[in-house]
Protein chains: 2
Amino acid sequence: MTGPDCSARRKKLIRLLKTADVDALLVTGETNVRYLTGFTGDSSWLYVSSGATVLISDARYTTQIAQECPGLDVHIRGVGQSMTAAAAGVMRSDGADRPGVEGDHLSVSQHRALENQCSPTPLTVTRQLTESLRVIKDRFEIGEIRRAIRQAERAIGVIRAAMRPEQTETEIRYALEASLRDFGAAGPAFEPIVGVGPTAALPHAHAGVRRVSESPLLLIDWGAATCTGYRSDLSRVFVTGKATQRMRRVWDTVLRAQKAAIDRIRPGAVCRDVDEAARGIIRDAGYGKRFGHALGHGIGLDIHEAVRLGPQSDEVLRPGMIVTVEPGIYVENQFGIRIEDDVLVTRDGCQVLTSVPREFDEAVLDFLA
Amino acid sequence: MTGPDCSARRKKLIRLLKTADVDALLVTGETNVRYLTGFTGDSSWLYVSSGATVLISDARYTTQIAQECPGLDVHIRGVGQSMTAAAAGVMRSDGADRPGVEGDHLSVSQHRALENQCSPTPLTVTRQLTESLRVIKDRFEIGEIRRAIRQAERAIGVIRAAMRPEQTETEIRYALEASLRDFGAAGPAFEPIVGVGPTAALPHAHAGVRRVSESPLLLIDWGAATCTGYRSDLSRVFVTGKATQRMRRVWDTVLRAQKAAIDRIRPGAVCRDVDEAARGIIRDAGYGKRFGHALGHGIGLDIHEAVRLGPQSDEVLRPGMIVTVEPGIYVENQFGIRIEDDVLVTRDGCQVLTSVPREFDEAVLDFLA
């Protein structure tokens, strides 16, 4: 596997700086730093200008940076030097006139400290510069997300094949995490949600002690993180017993909503319209109040990143974006159904990257009957 | 197990507000919200004043909040309402004159949005109000951290007993995580560091593919998180083969440094003096440049929290603080030795809460010889 071309990414970022009227940027978002350098540690900032690129870190990471980011200039701050003081020093040395900071990834306190330390040079607050690059996935990234999807799909196949009525949500969660690793994932993309019946009515529930046999429906929301940090994100419901007619109707509504939304995904589509394609179907079926979250979100190095498919989102889809499409209906104290796939925006439409079956009949685990 | 008294914590916070010249506080730090409410989810803020306490969240968490925080007022924002808009609405309804925000847990962008939405009411930037409560652990918290230590110690006992020369760092890491759960932990307190020889020379390395047999030293840095979220943090080195005289000398230096630091821990001690007690010994032994991190940090709901035992830290220890003491010496490409224990500051000195043996001879795994 060839790694990402971080140098090319930094060049693109430098070209973007003038759009924000800055001539340098202090990158403080951890994932942004990783995207621009390949460094997988934390507590490190990156300074970028046309004349300098410096990773600011500490002695815990000296060797790791040399391994992960060969050739990159590094400033290792001493044990007693604060991060903002180290960054201000690096910025002063480079002498940028209009340095920018990342408004979304710098706390108010850090910003104040940095303003003092950089004085009299003013700091410009920028937003979403690196993120605007990250939102469009390059060939390497699409390959890695496909890999993360394959890992997730292989793992859920094992979990499905091994399912037993007496298993608890927590047991399944840990078995799933282990299976993801067996298929080469660095780990789960996030804490997997494994919800039997009423648990699944909480869209973000933790796996607990309910057993598969306690409800005819089991929801799993899971994904893999590859060794390079890219993530997949899927949700499926398994029919582990005798489902009611209502469960089946809800399932069909969610699936119709998802398909309608995916049909709208293409370059130029406005995110809120994609959301509405699904939300309208759920509303018309009388479940509008039971779909309390956005339809989807971008995935990449973060499990939630730009863009957002939500009712207020006026962003426009472009080729190379990868988004989740995950409508859900949650019936309190009874069950929840969410069907989630990962979709790549292509030049003339979209491609669903995930391939786990979505139909009710395909999700019935006959061997549990 | 009785839960924490979150209501008492909020009352203490309200009494603290006047020290920061505010009459209300928007709590945006995730761990601070958990500390003050017991809520274990994310993406939620807490507004506190003498007249109102409102948890601001979204529909994914409605039921979970009802379960985890019975009786707490909740504002569930709609799918299209931003967090800052929801918070501004809650703040306006309460009508505080001088509301404060958490400067360490609010991004520059969020702060700007909130200032616009709250206008003309100005926002005061506060720092470390909730943290100043969290730094002193109450009886419940000390009990939970003791529990997290017990879980970690039971688990490492299993790992030690089961160790085989052909095991990889990664295999040991996952076995350790599983063992932590077997003893009742919710999970590891952080990604465990399992480093054979050269890997351990990177203080924050990820477990990789090196096998136990590749070096006579194996470093493990691990901890447990209890179901209530409290954490332990330990490091030990195991002697898995024939160690050199130099390894032994380094070990003895690290251990002497740790003991000297622990001897200084008592109410009134200044953190930098505790750090220097260890750092001086390592410096005198000629390894000053090979100890590139602070001596320790507070633990609690976060794995790193106030206070910091570092060379510039002028904080003063008080009864009820719990800190790690973790000097280390790292010899690049060869090995690293770090010995880490968790220490409670008591009324008249301190108590080491951890009890895994620390001496070289006690760490020799004879059965691998």
# chains A, B, ... in the order shown; residues from 1 in each chain; ligands from 1
$ residues_around --residues "B:Asp348" --least-positions-apart "5" --cutoff "10 Å" --atoms "only C-alpha atoms" --output "JSON, numbers by chain"
{"B": [265, 266, 267, 268, 318, 319]}
$ write_last_selection --atoms "C-alpha atoms" --output "PDB file, in the first residue's frame"
ATOM      1  CA  ILE B 265       3.881  14.120  48.250  1.00  0.00           C
ATOM      2  CA  ARG B 266       1.909  15.731  51.057  1.00  0.00           C
ATOM      3  CA  PRO B 267      -0.503  18.637  51.500  1.00  0.00           C
ATOM      4  CA  GLY B 268       1.313  21.890  50.818  1.00  0.00           C
ATOM      5  CA  ARG B 318      -4.138  19.225  48.777  1.00  0.00           C
ATOM      6  CA  PRO B 319      -5.821  16.264  50.498  1.00  0.00           C
TER       7      PRO B 319
END
$ residues_around --residues "stretch 305-312 of chain A" --least-positions-apart "3" --cutoff "12 Å" --atoms "only C-alpha atoms" --output "ChimeraX atom specification"
/A:31-32,128-137,230-231,261-262,264-265,269-280,291-302,315-318,320-327,345 /B:78-82
$ write_last_selection --atoms "C-alpha atoms" --output "tab-separated table (two decimals), in the first residue's frame"
chain	number	residue	atom	x	y	z
A	31	THR	CA	-7.28	15.00	12.54
A	32	ASN	CA	-6.23	17.91	10.34
A	128	GLN	CA	-12.81	24.82	7.62
A	129	LEU	CA	-9.76	25.32	5.41
A	130	THR	CA	-8.22	21.88	5.88
A	131	GLU	CA	-11.70	20.40	6.16
A	132	SER	CA	-12.59	21.78	2.72
A	133	LEU	CA	-9.77	19.61	1.34
A	134	ARG	CA	-10.69	16.59	3.43
A	135	VAL	CA	-14.28	16.59	2.24
A	136	ILE	CA	-13.21	15.44	-1.23
A	137	LYS	CA	-11.56	12.03	-0.99
A	230	TYR	CA	-9.91	5.73	7.60
A	231	ARG	CA	-13.33	4.64	8.75
A	261	ALA	CA	-32.38	9.61	-0.42
A	262	ILE	CA	-29.72	7.62	-2.23
A	264	ARG	CA	-31.05	11.97	-4.91
A	265	ILE	CA	-27.30	11.76	-4.35
A	269	ALA	CA	-27.60	17.98	-5.08
A	270	VAL	CA	-28.21	20.13	-2.01
A	271	CYS	CA	-27.75	18.22	1.24
A	272	ARG	CA	-31.03	19.31	2.80
A	273	ASP	CA	-32.91	18.03	-0.25
A	274	VAL	CA	-31.33	14.61	0.16
A	275	ASP	CA	-32.32	14.68	3.84
A	276	GLU	CA	-35.85	15.73	2.95
A	277	ALA	CA	-36.22	12.90	0.42
A	278	ALA	CA	-35.93	10.47	3.33
A	279	ARG	CA	-37.55	12.61	6.01
A	280	GLY	CA	-40.63	13.27	3.92
A	291	PHE	CA	-36.59	10.30	13.34
A	292	GLY	CA	-34.76	12.78	15.51
A	293	HIS	CA	-31.34	12.95	13.90
A	294	ALA	CA	-29.81	14.05	10.63
A	295	LEU	CA	-29.85	11.68	7.66
A	296	GLY	CA	-26.11	11.32	7.35
A	297	HIS	CA	-22.60	12.72	7.50
A	298	GLY	CA	-19.25	12.53	5.79
A	299	ILE	CA	-16.76	9.85	6.84
A	300	GLY	CA	-12.99	9.75	6.50
A	301	LEU	CA	-10.30	10.06	9.14
A	302	ASP	CA	-13.09	11.13	11.50
A	315	GLU	CA	-24.01	22.38	1.23
A	316	VAL	CA	-23.83	20.98	-2.28
A	317	LEU	CA	-22.59	17.48	-3.06
A	318	ARG	CA	-19.48	17.09	-5.22
A	320	GLY	CA	-15.36	12.42	-4.23
A	321	MET	CA	-17.51	13.03	-1.17
A	322	ILE	CA	-18.42	9.94	0.85
A	323	VAL	CA	-21.46	10.16	3.09
A	324	THR	CA	-23.52	7.87	5.26
A	325	VAL	CA	-27.24	7.59	4.57
A	326	GLU	CA	-28.91	6.40	7.76
A	327	PRO	CA	-32.58	7.10	8.32
A	345	VAL	CA	-20.60	10.78	-4.93
B	78	GLY	CA	-34.39	20.13	17.06
B	79	VAL	CA	-32.53	18.50	14.20
B	80	GLY	CA	-32.05	21.87	12.55
B	81	GLN	CA	-31.07	23.93	15.61
B	82	SER	CA	-27.38	24.49	16.30
$ interface_residues --of "chain B" --to "chain A" --cutoff "8 Å" --atoms "only C-alpha atoms" --output "PyMOL selection string"
chain B and resi 58-61+63-64+78-80+103-111+125+127+202-205+292-294+310-312+332
$ write_last_selection --atoms "N, CA and C atoms" --output "PDB file, in the first residue's frame"
ATOM      1  N   ASP B  58     -29.791  16.493  22.332  1.00  0.00           N
ATOM      2  CA  ASP B  58     -30.619  16.269  21.147  1.00  0.00           C
ATOM      3  C   ASP B  58     -31.382  14.956  21.287  1.00  0.00           C
ATOM      4  N   ALA B  59     -32.237  14.701  20.304  1.00  0.00           N
ATOM      5  CA  ALA B  59     -33.224  13.637  20.440  1.00  0.00           C
ATOM      6  C   ALA B  59     -32.612  12.240  20.539  1.00  0.00           C
ATOM      7  N   ARG B  60     -31.361  12.080  20.101  1.00  0.00           N
ATOM      8  CA  ARG B  60     -30.726  10.773  20.254  1.00  0.00           C
ATOM      9  C   ARG B  60     -30.644  10.382  21.725  1.00  0.00           C
ATOM     10  N   TYR B  61     -30.636  11.398  22.599  1.00  0.00           N
ATOM     11  CA  TYR B  61     -30.326  11.147  24.005  1.00  0.00           C
ATOM     12  C   TYR B  61     -31.508  11.338  24.950  1.00  0.00           C
ATOM     13  N   THR B  63     -34.130   9.625  25.901  1.00  0.00           N
ATOM     14  CA  THR B  63     -34.444   8.546  26.835  1.00  0.00           C
ATOM     15  C   THR B  63     -33.279   8.272  27.781  1.00  0.00           C
ATOM     16  N   GLN B  64     -32.067   8.309  27.221  1.00  0.00           N
ATOM     17  CA  GLN B  64     -30.887   8.044  28.050  1.00  0.00           C
ATOM     18  C   GLN B  64     -30.753   9.077  29.165  1.00  0.00           C
ATOM     19  N   GLY B  78     -33.887  20.779  18.267  1.00  0.00           N
ATOM     20  CA  GLY B  78     -34.387  20.133  17.055  1.00  0.00           C
ATOM     21  C   GLY B  78     -33.243  19.771  16.129  1.00  0.00           C
ATOM     22  N   VAL B  79     -33.562  18.966  15.128  1.00  0.00           N
ATOM     23  CA  VAL B  79     -32.528  18.502  14.197  1.00  0.00           C
ATOM     24  C   VAL B  79     -31.860  19.674  13.493  1.00  0.00           C
ATOM     25  N   GLY B  80     -32.610  20.758  13.297  1.00  0.00           N
ATOM     26  CA  GLY B  80     -32.051  21.869  12.545  1.00  0.00           C
ATOM     27  C   GLY B  80     -31.474  22.980  13.405  1.00  0.00           C
ATOM     28  N   GLY B 103     -13.719  28.768  28.997  1.00  0.00           N
ATOM     29  CA  GLY B 103     -12.734  29.134  27.973  1.00  0.00           C
ATOM     30  C   GLY B 103     -11.908  27.962  27.478  1.00  0.00           C
ATOM     31  N   ASP B 104     -11.763  26.936  28.308  1.00  0.00           N
ATOM     32  CA  ASP B 104     -10.945  25.787  27.912  1.00  0.00           C
ATOM     33  C   ASP B 104     -11.732  24.765  27.099  1.00  0.00           C
ATOM     34  N   HIS B 105     -13.039  24.923  27.041  1.00  0.00           N
ATOM     35  CA  HIS B 105     -13.862  23.894  26.394  1.00  0.00           C
ATOM     36  C   HIS B 105     -14.845  24.474  25.394  1.00  0.00           C
ATOM     37  N   LEU B 106     -14.522  25.654  24.882  1.00  0.00           N
ATOM     38  CA  LEU B 106     -15.377  26.273  23.876  1.00  0.00           C
ATOM     39  C   LEU B 106     -14.429  26.722  22.774  1.00  0.00           C
ATOM     40  N   SER B 107     -14.735  26.351  21.535  1.00  0.00           N
ATOM     41  CA  SER B 107     -13.847  26.771  20.455  1.00  0.00           C
ATOM     42  C   SER B 107     -14.073  28.245  20.155  1.00  0.00           C
ATOM     43  N   VAL B 108     -13.094  28.833  19.494  1.00  0.00           N
ATOM     44  CA  VAL B 108     -13.213  30.237  19.102  1.00  0.00           C
ATOM     45  C   VAL B 108     -14.467  30.429  18.252  1.00  0.00           C
ATOM     46  N   SER B 109     -14.742  29.487  17.365  1.00  0.00           N
ATOM     47  CA  SER B 109     -15.916  29.614  16.494  1.00  0.00           C
ATOM     48  C   SER B 109     -17.217  29.536  17.293  1.00  0.00           C
ATOM     49  N   GLN B 110     -17.280  28.591  18.220  1.00  0.00           N
ATOM     50  CA  GLN B 110     -18.489  28.473  19.036  1.00  0.00           C
ATOM     51  C   GLN B 110     -18.690  29.735  19.872  1.00  0.00           C
ATOM     52  N   HIS B 111     -17.604  30.254  20.396  1.00  0.00           N
ATOM     53  CA  HIS B 111     -17.683  31.454  21.227  1.00  0.00           C
ATOM     54  C   HIS B 111     -18.244  32.628  20.420  1.00  0.00           C
ATOM     55  N   VAL B 125     -15.489  34.929  29.941  1.00  0.00           N
ATOM     56  CA  VAL B 125     -14.717  33.703  29.753  1.00  0.00           C
ATOM     57  C   VAL B 125     -14.128  33.278  31.097  1.00  0.00           C
ATOM     58  N   ARG B 127     -12.258  30.085  33.551  1.00  0.00           N
ATOM     59  CA  ARG B 127     -11.333  28.951  33.384  1.00  0.00           C
ATOM     60  C   ARG B 127     -11.346  28.086  34.630  1.00  0.00           C
ATOM     61  N   LEU B 202       9.685   4.527  22.923  1.00  0.00           N
ATOM     62  CA  LEU B 202       8.733   5.570  22.541  1.00  0.00           C
ATOM     63  C   LEU B 202       7.698   5.657  23.654  1.00  0.00           C
ATOM     64  N   PRO B 203       7.702   6.730  24.437  1.00  0.00           N
ATOM     65  CA  PRO B 203       6.827   6.760  25.611  1.00  0.00           C
ATOM     66  C   PRO B 203       5.349   6.553  25.292  1.00  0.00           C
ATOM     67  N   HIS B 204       4.910   6.927  24.078  1.00  0.00           N
ATOM     68  CA  HIS B 204       3.490   6.769  23.746  1.00  0.00           C
ATOM     69  C   HIS B 204       3.283   5.863  22.541  1.00  0.00           C
ATOM     70  N   ALA B 205       4.035   4.780  22.465  1.00  0.00           N
ATOM     71  CA  ALA B 205       3.961   3.919  21.287  1.00  0.00           C
ATOM     72  C   ALA B 205       2.643   3.151  21.246  1.00  0.00           C
ATOM     73  N   GLY B 292      11.798  12.882  29.069  1.00  0.00           N
ATOM     74  CA  GLY B 292      11.283  14.050  28.350  1.00  0.00           C
ATOM     75  C   GLY B 292       9.828  14.385  28.622  1.00  0.00           C
ATOM     76  N   HIS B 293       9.257  13.867  29.683  1.00  0.00           N
ATOM     77  CA  HIS B 293       7.860  14.203  29.963  1.00  0.00           C
ATOM     78  C   HIS B 293       7.710  14.589  31.427  1.00  0.00           C
ATOM     79  N   ALA B 294       6.523  15.081  31.769  1.00  0.00           N
ATOM     80  CA  ALA B 294       6.280  15.476  33.153  1.00  0.00           C
ATOM     81  C   ALA B 294       6.223  14.233  34.045  1.00  0.00           C
ATOM     82  N   GLY B 310       4.843  18.808  37.003  1.00  0.00           N
ATOM     83  CA  GLY B 310       5.821  19.129  35.966  1.00  0.00           C
ATOM     84  C   GLY B 310       6.788  20.179  36.464  1.00  0.00           C
ATOM     85  N   PRO B 311       7.865  20.378  35.718  1.00  0.00           N
ATOM     86  CA  PRO B 311       8.913  21.288  36.201  1.00  0.00           C
ATOM     87  C   PRO B 311       8.464  22.741  36.325  1.00  0.00           C
ATOM     88  N   GLN B 312       7.366  23.132  35.657  1.00  0.00           N
ATOM     89  CA  GLN B 312       6.904  24.520  35.740  1.00  0.00           C
ATOM     90  C   GLN B 312       5.623  24.645  36.556  1.00  0.00           C
ATOM     91  N   GLU B 332      16.834   5.248  23.120  1.00  0.00           N
ATOM     92  CA  GLU B 332      16.311   5.105  21.761  1.00  0.00           C
ATOM     93  C   GLU B 332      16.785   3.813  21.092  1.00  0.00           C
TER      94      GLU B 332
END
$ atom_distance --atom1 "atom CA of A:Arg10" --atom2 "atom CA of A:Phe39"
13.6 Å
$ residues_around --residues "B:Val237" --least-positions-apart "3" --cutoff "8 Å" --atoms "only C-alpha atoms" --output "PyMOL selection string"
chain B and resi 217-220+337-339+363
$ write_last_selection --atoms "C-alpha atoms" --output "compact mmCIF listing (two decimals), in the first residue's frame"
# COMPACT_ATOMS: atom_id res chain seq x y z
CA LEU B 217 12.21 -6.00 28.75
CA LEU B 218 8.49 -5.47 28.18
CA LEU B 219 6.77 -2.24 29.24
CA ILE B 220 3.03 -2.09 29.84
CA ILE B 337 11.69 1.88 31.67
CA ARG B 338 8.80 3.68 33.33
CA ILE B 339 7.33 2.88 36.72
CA ALA B 363 9.47 -8.35 37.80
$ closest_residue --among "B:Gly336, B:Gly71, B:Gly95, B:Pro4" --to "B:Trp251" --atoms "only C-alpha atoms"
B:Gly336
$ residues_around --residues "A:Trp45" --least-positions-apart "5" --cutoff "10 Å" --atoms "only C-alpha atoms" --output "PDB file with C-alpha atoms, in the first residue's frame"
ATOM      1  CA  LEU A  26      -1.488  27.101  12.618  1.00  0.00           C
ATOM      2  CA  VAL A  27      -3.280  23.749  12.299  1.00  0.00           C
ATOM      3  CA  THR A  28      -4.511  22.647  15.730  1.00  0.00           C
ATOM      4  CA  GLY A  29      -7.202  20.089  14.877  1.00  0.00           C
ATOM      5  CA  GLU A  30      -5.772  16.636  15.604  1.00  0.00           C
ATOM      6  CA  ASN A  32      -6.234  17.912  10.344  1.00  0.00           C
ATOM      7  CA  VAL A  33      -2.655  17.477  11.572  1.00  0.00           C
ATOM      8  CA  ARG A  34      -2.830  13.786  10.756  1.00  0.00           C
ATOM      9  CA  VAL A  54       6.892  22.688  11.195  1.00  0.00           C
ATOM     10  CA  LEU A  55       5.287  20.031  13.362  1.00  0.00           C
ATOM     11  CA  ILE A  56       5.252  21.191  16.984  1.00  0.00           C
ATOM     12  CA  SER A  57       5.286  18.281  19.412  1.00  0.00           C
ATOM     13  CA  HIS A  75       9.971  21.586  16.895  1.00  0.00           C
ATOM     14  CA  MET A  83       2.058  24.461  23.464  1.00  0.00           C
ATOM     15  CA  THR A  84       0.987  28.015  22.695  1.00  0.00           C
ATOM     16  CA  ALA A  86       6.108  26.856  21.381  1.00  0.00           C
ATOM     17  CA  ALA A  87       3.740  27.652  18.522  1.00  0.00           C
TER      18      ALA A  87
END
$ select_by_dssp --residues "stretch 138-256 of chain B" --states "strand (DSSP E)" --output "list of chain:residue names"
B:Gly187, B:Pro188, B:Ile193, B:Val194, B:Gly195, B:Val196, B:Leu217, B:Leu218, B:Leu219, B:Ile220, B:Asp221, B:Trp222, B:Ala224, B:Ala225, B:Leu234, B:Ser235, B:Arg236, B:Val237, B:Phe238, B:Val239
$ select_by_dssp --residues "stretch 178-269 of chain A" --states "alpha helix (DSSP H)" --output "list in words"
Ala178, Ser179, Leu180, Arg181, Asp182, Gln245, Arg246, Met247, Arg248, Arg249, Val250, Trp251, Asp252, Thr253, Val254, Leu255, Arg256, Ala257, Gln258, Lys259, Ala260, Ala261, Ile262, Asp263 and Arg264 of chain A
$ write_last_selection --atoms "N, CA and C atoms" --output "PDB file, in the first residue's frame"
ATOM      1  N   ALA A 178     -13.298  -7.901  18.003  1.00  0.00           N
ATOM      2  CA  ALA A 178     -12.223  -8.865  17.756  1.00  0.00           C
ATOM      3  C   ALA A 178     -12.238  -9.294  16.290  1.00  0.00           C
ATOM      4  N   SER A 179     -13.428  -9.485  15.736  1.00  0.00           N
ATOM      5  CA  SER A 179     -13.528  -9.926  14.352  1.00  0.00           C
ATOM      6  C   SER A 179     -13.028  -8.843  13.399  1.00  0.00           C
ATOM      7  N   LEU A 180     -13.316  -7.594  13.704  1.00  0.00           N
ATOM      8  CA  LEU A 180     -12.791  -6.496  12.882  1.00  0.00           C
ATOM      9  C   LEU A 180     -11.271  -6.572  12.819  1.00  0.00           C
ATOM     10  N   ARG A 181     -10.646  -6.830  13.951  1.00  0.00           N
ATOM     11  CA  ARG A 181      -9.179  -6.922  13.978  1.00  0.00           C
ATOM     12  C   ARG A 181      -8.698  -8.144  13.198  1.00  0.00           C
ATOM     13  N   ASP A 182      -9.449  -9.236  13.305  1.00  0.00           N
ATOM     14  CA  ASP A 182      -9.060 -10.434  12.552  1.00  0.00           C
ATOM     15  C   ASP A 182      -8.985 -10.148  11.057  1.00  0.00           C
ATOM     16  N   GLN A 245     -46.095  -7.172  12.712  1.00  0.00           N
ATOM     17  CA  GLN A 245     -46.419  -6.474  11.468  1.00  0.00           C
ATOM     18  C   GLN A 245     -45.929  -5.034  11.516  1.00  0.00           C
ATOM     19  N   ARG A 246     -46.033  -4.434  12.702  1.00  0.00           N
ATOM     20  CA  ARG A 246     -45.616  -3.041  12.824  1.00  0.00           C
ATOM     21  C   ARG A 246     -44.109  -2.901  12.579  1.00  0.00           C
ATOM     22  N   MET A 247     -43.343  -3.833  13.146  1.00  0.00           N
ATOM     23  CA  MET A 247     -41.899  -3.790  12.917  1.00  0.00           C
ATOM     24  C   MET A 247     -41.592  -3.860  11.417  1.00  0.00           C
ATOM     25  N   ARG A 248     -42.322  -4.711  10.750  1.00  0.00           N
ATOM     26  CA  ARG A 248     -42.107  -4.874   9.316  1.00  0.00           C
ATOM     27  C   ARG A 248     -42.457  -3.610   8.548  1.00  0.00           C
ATOM     28  N   ARG A 249     -43.565  -2.977   8.957  1.00  0.00           N
ATOM     29  CA  ARG A 249     -43.954  -1.721   8.299  1.00  0.00           C
ATOM     30  C   ARG A 249     -42.899  -0.643   8.528  1.00  0.00           C
ATOM     31  N   VAL A 250     -42.431  -0.550   9.762  1.00  0.00           N
ATOM     32  CA  VAL A 250     -41.405   0.455  10.067  1.00  0.00           C
ATOM     33  C   VAL A 250     -40.153   0.188   9.231  1.00  0.00           C
ATOM     34  N   TRP A 251     -39.767  -1.075   9.171  1.00  0.00           N
ATOM     35  CA  TRP A 251     -38.598  -1.457   8.367  1.00  0.00           C
ATOM     36  C   TRP A 251     -38.759  -0.979   6.923  1.00  0.00           C
ATOM     37  N   ASP A 252     -39.923  -1.294   6.352  1.00  0.00           N
ATOM     38  CA  ASP A 252     -40.138  -0.934   4.953  1.00  0.00           C
ATOM     39  C   ASP A 252     -40.105   0.579   4.768  1.00  0.00           C
ATOM     40  N   THR A 253     -40.627   1.314   5.734  1.00  0.00           N
ATOM     41  CA  THR A 253     -40.598   2.776   5.653  1.00  0.00           C
ATOM     42  C   THR A 253     -39.167   3.292   5.668  1.00  0.00           C
ATOM     43  N   VAL A 254     -38.371   2.772   6.599  1.00  0.00           N
ATOM     44  CA  VAL A 254     -36.977   3.220   6.704  1.00  0.00           C
ATOM     45  C   VAL A 254     -36.226   2.904   5.414  1.00  0.00           C
ATOM     46  N   LEU A 255     -36.462   1.714   4.893  1.00  0.00           N
ATOM     47  CA  LEU A 255     -35.733   1.310   3.694  1.00  0.00           C
ATOM     48  C   LEU A 255     -36.163   2.138   2.478  1.00  0.00           C
ATOM     49  N   ARG A 256     -37.461   2.396   2.381  1.00  0.00           N
ATOM     50  CA  ARG A 256     -37.933   3.259   1.288  1.00  0.00           C
ATOM     51  C   ARG A 256     -37.309   4.643   1.409  1.00  0.00           C
ATOM     52  N   ALA A 257     -37.262   5.144   2.622  1.00  0.00           N
ATOM     53  CA  ALA A 257     -36.678   6.473   2.859  1.00  0.00           C
ATOM     54  C   ALA A 257     -35.209   6.481   2.445  1.00  0.00           C
ATOM     55  N   GLN A 258     -34.501   5.427   2.814  1.00  0.00           N
ATOM     56  CA  GLN A 258     -33.074   5.388   2.484  1.00  0.00           C
ATOM     57  C   GLN A 258     -32.871   5.347   0.969  1.00  0.00           C
ATOM     58  N   LYS A 259     -33.666   4.497   0.314  1.00  0.00           N
ATOM     59  CA  LYS A 259     -33.506   4.372  -1.142  1.00  0.00           C
ATOM     60  C   LYS A 259     -33.830   5.688  -1.845  1.00  0.00           C
ATOM     61  N   ALA A 260     -34.867   6.374  -1.363  1.00  0.00           N
ATOM     62  CA  ALA A 260     -35.242   7.656  -1.982  1.00  0.00           C
ATOM     63  C   ALA A 260     -34.122   8.672  -1.821  1.00  0.00           C
ATOM     64  N   ALA A 261     -33.476   8.656  -0.653  1.00  0.00           N
ATOM     65  CA  ALA A 261     -32.384   9.610  -0.425  1.00  0.00           C
ATOM     66  C   ALA A 261     -31.198   9.285  -1.322  1.00  0.00           C
ATOM     67  N   ILE A 262     -30.868   8.010  -1.399  1.00  0.00           N
ATOM     68  CA  ILE A 262     -29.718   7.618  -2.227  1.00  0.00           C
ATOM     69  C   ILE A 262     -29.983   7.986  -3.688  1.00  0.00           C
ATOM     70  N   ASP A 263     -31.246   7.866  -4.109  1.00  0.00           N
ATOM     71  CA  ASP A 263     -31.591   8.247  -5.483  1.00  0.00           C
ATOM     72  C   ASP A 263     -31.301   9.718  -5.763  1.00  0.00           C
ATOM     73  N   ARG A 264     -31.281  10.536  -4.709  1.00  0.00           N
ATOM     74  CA  ARG A 264     -31.049  11.970  -4.905  1.00  0.00           C
ATOM     75  C   ARG A 264     -29.577  12.345  -4.878  1.00  0.00           C
TER      76      ARG A 264
END
$ residues_around --residues "B:Val48" --least-positions-apart "5" --cutoff "6 Å" --atoms "only C-alpha atoms" --output "PyMOL selection string"
chain B and resi 24-25+53
$ atom_distance --atom1 "atom CA of A:Glu177" --atom2 "atom CA of B:Thr170"
13.8 Å
$ decode --residues "stretch 301-310 of chain A" --atoms "N, CA and C atoms" --output "PDB file, in the first residue's frame"
ATOM      1  N   LEU A 301     -11.152  10.285   7.974  1.00  0.00           N
ATOM      2  CA  LEU A 301     -10.304  10.060   9.140  1.00  0.00           C
ATOM      3  C   LEU A 301     -11.104  10.225  10.423  1.00  0.00           C
ATOM      4  N   ASP A 302     -12.157  11.036  10.378  1.00  0.00           N
ATOM      5  CA  ASP A 302     -13.092  11.133  11.499  1.00  0.00           C
ATOM      6  C   ASP A 302     -14.352  10.359  11.150  1.00  0.00           C
ATOM      7  N   ILE A 303     -15.018   9.878  12.180  1.00  0.00           N
ATOM      8  CA  ILE A 303     -16.241   9.136  11.908  1.00  0.00           C
ATOM      9  C   ILE A 303     -17.387  10.091  11.562  1.00  0.00           C
ATOM     10  N   HIS A 304     -17.335  11.307  12.075  1.00  0.00           N
ATOM     11  CA  HIS A 304     -18.273  12.342  11.640  1.00  0.00           C
ATOM     12  C   HIS A 304     -17.453  13.481  11.091  1.00  0.00           C
ATOM     13  N   GLU A 305     -17.594  13.778   9.805  1.00  0.00           N
ATOM     14  CA  GLU A 305     -16.927  14.959   9.272  1.00  0.00           C
ATOM     15  C   GLU A 305     -17.813  15.574   8.206  1.00  0.00           C
ATOM     16  N   ALA A 306     -17.359  16.696   7.652  1.00  0.00           N
ATOM     17  CA  ALA A 306     -18.157  17.360   6.624  1.00  0.00           C
ATOM     18  C   ALA A 306     -18.332  16.376   5.460  1.00  0.00           C
ATOM     19  N   VAL A 307     -19.461  16.395   4.762  1.00  0.00           N
ATOM     20  CA  VAL A 307     -20.606  17.279   4.903  1.00  0.00           C
ATOM     21  C   VAL A 307     -21.646  16.657   5.823  1.00  0.00           C
ATOM     22  N   ARG A 308     -22.695  17.421   6.080  1.00  0.00           N
ATOM     23  CA  ARG A 308     -23.786  16.930   6.900  1.00  0.00           C
ATOM     24  C   ARG A 308     -25.048  16.874   6.045  1.00  0.00           C
ATOM     25  N   LEU A 309     -25.726  15.739   6.057  1.00  0.00           N
ATOM     26  CA  LEU A 309     -27.018  15.637   5.379  1.00  0.00           C
ATOM     27  C   LEU A 309     -28.099  15.900   6.421  1.00  0.00           C
ATOM     28  N   GLY A 310     -28.464  17.158   6.570  1.00  0.00           N
ATOM     29  CA  GLY A 310     -29.461  17.516   7.581  1.00  0.00           C
ATOM     30  C   GLY A 310     -30.462  18.491   7.007  1.00  0.00           C
TER      31      GLY A 310
END
